[in-house]
Amino acid sequence: MTLSAEPTATPHDAEPFADAVRRAQQGDVDAFETIYHASAPAVFAICRRMTGDDREARELVQDVFVRAWERLGTFRGESALATWLHRLTVNRVLESMRSSRRHAALIDGDESADAIGLESDQLDMRLDLDAALARLPAGARTVLVLHLEGFSHGEIARLTGIAAGTARAQLWRARRALARWLIP
Amino acid sequence: MSDSAHLTEAERQTLADGSMATRQARGLQAHLRACPSCAADVDRLRMIARRYGEPAPRDPVLAGLWPEIRSRIERRKVVPIPPAAASPRPAPSLRRSVLLIAGTAAGLAAAAVLWLRPARLGPGPVSDQVRARDSIQALVLVADSIRSYRDEAQVLLDRLELQRAMIRPEAMASIERDLGVIDRSIEELELAIQRDPRNPTLRQLLVSSYRQKVEVLKRVGNAG
């Protein structure tokens with residue numbers, strides 16, 4: 001299950017990189033570099049938050065932009081480039097998770113709260129949000145990040161291949177754990 | 001709300017992420033106003049979304065990733081599919097797409113043959129040395145792309161062989177006919193390149209034909 005190629009446009013989707021996109025679509029790699037430098041931080045943030053691992057996130061960033069280059073011809077400007085890239089990124093990360101061992105964790109909604117430490121009390125040191133996300137198990141982290149990225153319970157269930165009820169339960173547990181870890 | 005004095009976990013969570021029905025949420029607002037403990041907890045849960053929305057710290061390594069990305073782009077694909085050749089709307093029939101692609105490739109090849117002869121006669125404003133260097137670099141990149149597409153097409157063809165039994169015979173015949181059109185275009189371009197091996201445009205057209213073949217095979221794979 002992947003996200004549709006291009007979401008519907010919204011009125012505020014002004015495209016700040018229209019010229020760079022047009023030139024990149026004509027094969028101008030330098031124009032694509034402009035897009036990369038402007039968009040990479042947001043793409044990296046999603047990758048890191050979904051994987052909880054800096055090194056893996058950097059590899060995924062590379063994959064996302066290589067794929068974006070290959071598919072740039074299909075970008076019609078009906079949504080913001082950032083939105084298009086966002087979807088491409090989520091799809092790429094989920095694809096990577098499916099092909100790795102974490103898929104088992106993703107579809108296994110029965111990760112015990114004990115085993116994953118979600119019930120532990122506030123940590124000694126105050127974590128930043130990304131570090132706290134990285135502490136979550138893959139399944140719970142994926143569900144929480146997708147939720148925070150604006151996906152509905154139904155969409156999350158479809159994207160991850162788990163039941164909607166399981167997705168909701170993982171979301172609640174993950175959010176509860178983060179609240180416990182992050183708020184003094 | 002349960003009989004107990006406080007909101008349930010489900011109520012807190014759905015209030016926090018806004019997934020609770022408006023009417024029910026309105027009913028619980030009175031409790032939140034009267035119960036600092038529940039109000040604080042719901043706010044704690046909401047805080048995660050607020051913190052998530054804050055800009056993430058920039059990774060200083062990101063700028064260093066670009067050379068590798070650029071290298072992968074140039075090594076693997078080189079040219080993105082231009083908007084006109086892409087298939088933006090929900091799938092026209094495979095056959096129509098293939099014929100369109102093959103037609104475009106054949107048209108481009110014919111145009112290139114006509115255009116290249118006069119174009120190669122006179123020297124341009126660029127010095128011969130610079131032109132020679134650029135042309136060698138371009139030939140190397142294009143050769144890499146051709147190899148990469150050829151390999152990818154072979155993998156996809158192997159996969160198609162495995163799927164063959166599951167594809168309706170008439171659909172399979174249509175796919176083979178369409179791939180044949182592209183293969184003929186590839187053969188003609190390869191012959192033209194043998195006659196004019198340093199012609200970069202012919203090589204780009206060959207890349208384009210291989211890319212189209214890969215796209216067609218991928219669509220077949222996706223449809224299966």
# chains A, B, ... in the order shown; residues from 1 in each chain; ligands from 1
$ closest_atom_pairs --of "chain A" --to "chain B" --cutoff "8 Å" --atoms "only C-alpha atoms" --output "tab-separated table"
residue	atom	partner	partner_atom	distance
A:Gln25	CA	B:Pro82	CA	5.9
A:Gln26	CA	B:Pro82	CA	6.3
A:Gly27	CA	B:Val79	CA	5.5
A:Val29	CA	B:Arg70	CA	7.5
A:Glu33	CA	B:Trp66	CA	7.4
A:Tyr36	CA	B:Trp66	CA	7.6
A:His37	CA	B:Ala63	CA	6.9
A:Ala40	CA	B:Leu62	CA	7.0
A:Pro41	CA	B:Arg58	CA	6.0
A:Ala42	CA	B:Ala56	CA	7.8
A:Ala45	CA	B:Ala56	CA	6.3
A:Arg58	CA	B:Leu62	CA	7.4
A:Gln62	CA	B:Ile69	CA	5.7
A:Asp63	CA	B:Ile69	CA	8.0
A:Phe65	CA	B:Ile69	CA	7.1
A:Val66	CA	B:Ile73	CA	5.9
A:Trp69	CA	B:Pro80	CA	6.3
A:Glu70	CA	B:Pro80	CA	5.1
A:Arg71	CA	B:Pro80	CA	6.7
A:Leu72	CA	B:Pro80	CA	6.5
A:Gly73	CA	B:Pro83	CA	4.6
A:Thr74	CA	B:Ala86	CA	5.8
A:Phe75	CA	B:Pro83	CA	7.6
A:Arg76	CA	B:Pro83	CA	7.4
A:Leu129	CA	B:Arg51	CA	7.0
A:Leu148	CA	B:Ala49	CA	6.2
A:Trp172	CA	B:Gln13	CA	6.5
A:Arg175	CA	B:Leu45	CA	6.6
A:Arg176	CA	B:Leu45	CA	6.9
A:Leu178	CA	B:Ile48	CA	7.4
A:Ala179	CA	B:Leu45	CA	5.8
A:Ile183	CA	B:Arg44	CA	7.1
$ closest_residue --among "A:Ala174, A:Cys47, A:Asp19, A:Val64" --to "Leu133 in chain A" --atoms "only C-alpha atoms"
A:Ala174
$ atom_distance --atom1 "CA of Asp54 in chain A" --atom2 "CA of Asp130 in chain A"
10.3 Å
$ residues_around --residues "Leu7 in chain B" --least-positions-apart "6" --cutoff "9 Å" --atoms "only C-alpha atoms" --output "list in words"
Met1, Leu28, His31, Leu32 and Cys38 of chain B
$ write_last_selection --atoms "N, CA and C atoms" --output "CSV table (one decimal), in the first residue's frame"
chain,number,residue,atom,x,y,z
B,1,MET,N,-17.9,9.6,29.3
B,1,MET,CA,-17.1,9.7,30.6
B,1,MET,C,-17.6,8.5,31.5
B,28,LEU,N,-17.5,17.1,27.4
B,28,LEU,CA,-16.4,16.8,28.4
B,28,LEU,C,-15.6,18.1,28.8
B,31,HIS,N,-16.1,19.1,32.3
B,31,HIS,CA,-15.2,18.3,33.3
B,31,HIS,C,-13.8,18.9,33.3
B,32,LEU,N,-13.3,19.2,32.1
B,32,LEU,CA,-11.9,19.7,32.0
B,32,LEU,C,-11.8,21.0,32.7
B,38,CYS,N,-7.2,16.3,35.0
B,38,CYS,CA,-7.5,15.8,33.7
B,38,CYS,C,-7.1,16.8,32.6
$ atom_distance --atom1 "CA of Ile193 in chain B" --atom2 "CA of Gln154 in chain B"
21.1 Å
$ closest_residue --among "B:Ile146, B:Met20, B:Ala153, B:Val216" --to "Val181 in chain B" --atoms "only C-alpha atoms"
B:Val216
$ closest_residue --among "B:Glu152, B:Ser185, B:Leu217, B:Ser209" --to "Met172 in chain B" --atoms "only C-alpha atoms"
B:Leu217
$ decode --residues "range 22-87 of chain B" --atoms "C-alpha atoms" --output "short mmCIF file (atom, residue, chain, number, x, y, z; two decimals), in the first residue's frame"
data_model
loop_
_atom_site.label_atom_id
_atom_site.label_comp_id
_atom_site.auth_asym_id
_atom_site.auth_seq_id
_atom_site.Cartn_x
_atom_site.Cartn_y
_atom_site.Cartn_z
CA THR B 22 -17.57 17.35 18.49
CA ARG B 23 -20.71 16.78 20.49
CA GLN B 24 -19.03 14.40 22.91
CA ALA B 25 -15.98 16.67 23.21
CA ARG B 26 -18.24 19.58 24.06
CA GLY B 27 -19.81 17.50 26.81
CA LEU B 28 -16.41 16.82 28.37
CA GLN B 29 -15.22 20.41 28.32
CA ALA B 30 -17.14 21.12 31.54
CA HIS B 31 -15.23 18.34 33.26
CA LEU B 32 -11.90 19.66 31.98
CA ARG B 33 -12.74 23.11 33.32
CA ALA B 34 -13.54 21.66 36.72
CA CYS B 35 -10.74 19.08 36.92
CA PRO B 36 -7.18 20.44 36.77
CA SER B 37 -5.74 16.93 36.84
CA CYS B 38 -7.52 15.77 33.66
CA ALA B 39 -6.97 19.13 31.97
CA ALA B 40 -3.23 18.97 32.66
CA ASP B 41 -3.01 15.42 31.38
CA VAL B 42 -4.85 16.17 28.15
CA ASP B 43 -2.55 19.14 27.68
CA ARG B 44 0.49 16.93 28.23
CA LEU B 45 -0.71 14.65 25.44
CA ARG B 46 -1.39 17.62 23.17
CA MET B 47 2.05 18.98 23.87
CA ILE B 48 3.60 16.16 21.83
CA ALA B 49 1.93 17.41 18.66
CA ARG B 50 3.05 20.95 19.47
CA ARG B 51 6.62 19.85 20.04
CA TYR B 52 6.53 17.80 16.85
CA GLY B 53 5.51 20.87 14.88
CA GLU B 54 8.57 22.80 16.00
CA PRO B 55 11.36 22.92 13.40
CA ALA B 56 13.66 19.94 13.75
CA PRO B 57 17.36 20.66 14.27
CA ARG B 58 19.29 20.72 10.99
CA ASP B 59 21.70 17.89 10.39
CA PRO B 60 25.04 19.39 9.31
CA VAL B 61 25.78 16.21 7.37
CA LEU B 62 22.93 16.80 4.92
CA ALA B 63 24.89 19.15 2.67
CA GLY B 64 27.54 16.47 2.37
CA LEU B 65 25.04 13.95 1.01
CA TRP B 66 24.43 15.87 -2.19
CA PRO B 67 27.56 14.75 -4.10
CA GLU B 68 26.59 11.11 -3.61
CA ILE B 69 22.99 11.81 -4.64
CA ARG B 70 24.21 13.63 -7.72
CA SER B 71 26.54 10.81 -8.55
CA ARG B 72 23.74 8.25 -8.20
CA ILE B 73 21.47 10.36 -10.38
CA GLU B 74 24.08 10.63 -13.10
CA ARG B 75 25.21 7.04 -12.79
CA ARG B 76 21.78 5.47 -12.88
CA LYS B 77 19.24 7.43 -14.78
CA VAL B 78 20.56 10.71 -16.07
CA VAL B 79 17.37 12.11 -17.58
CA PRO B 80 14.04 12.43 -15.75
CA ILE B 81 10.94 11.65 -17.77
CA PRO B 82 9.69 14.97 -19.13
CA PRO B 83 6.12 15.92 -18.13
CA ALA B 84 4.76 15.38 -21.62
CA ALA B 85 6.03 11.81 -21.76
CA ALA B 86 4.93 10.88 -18.25
CA SER B 87 1.56 9.36 -17.57
#
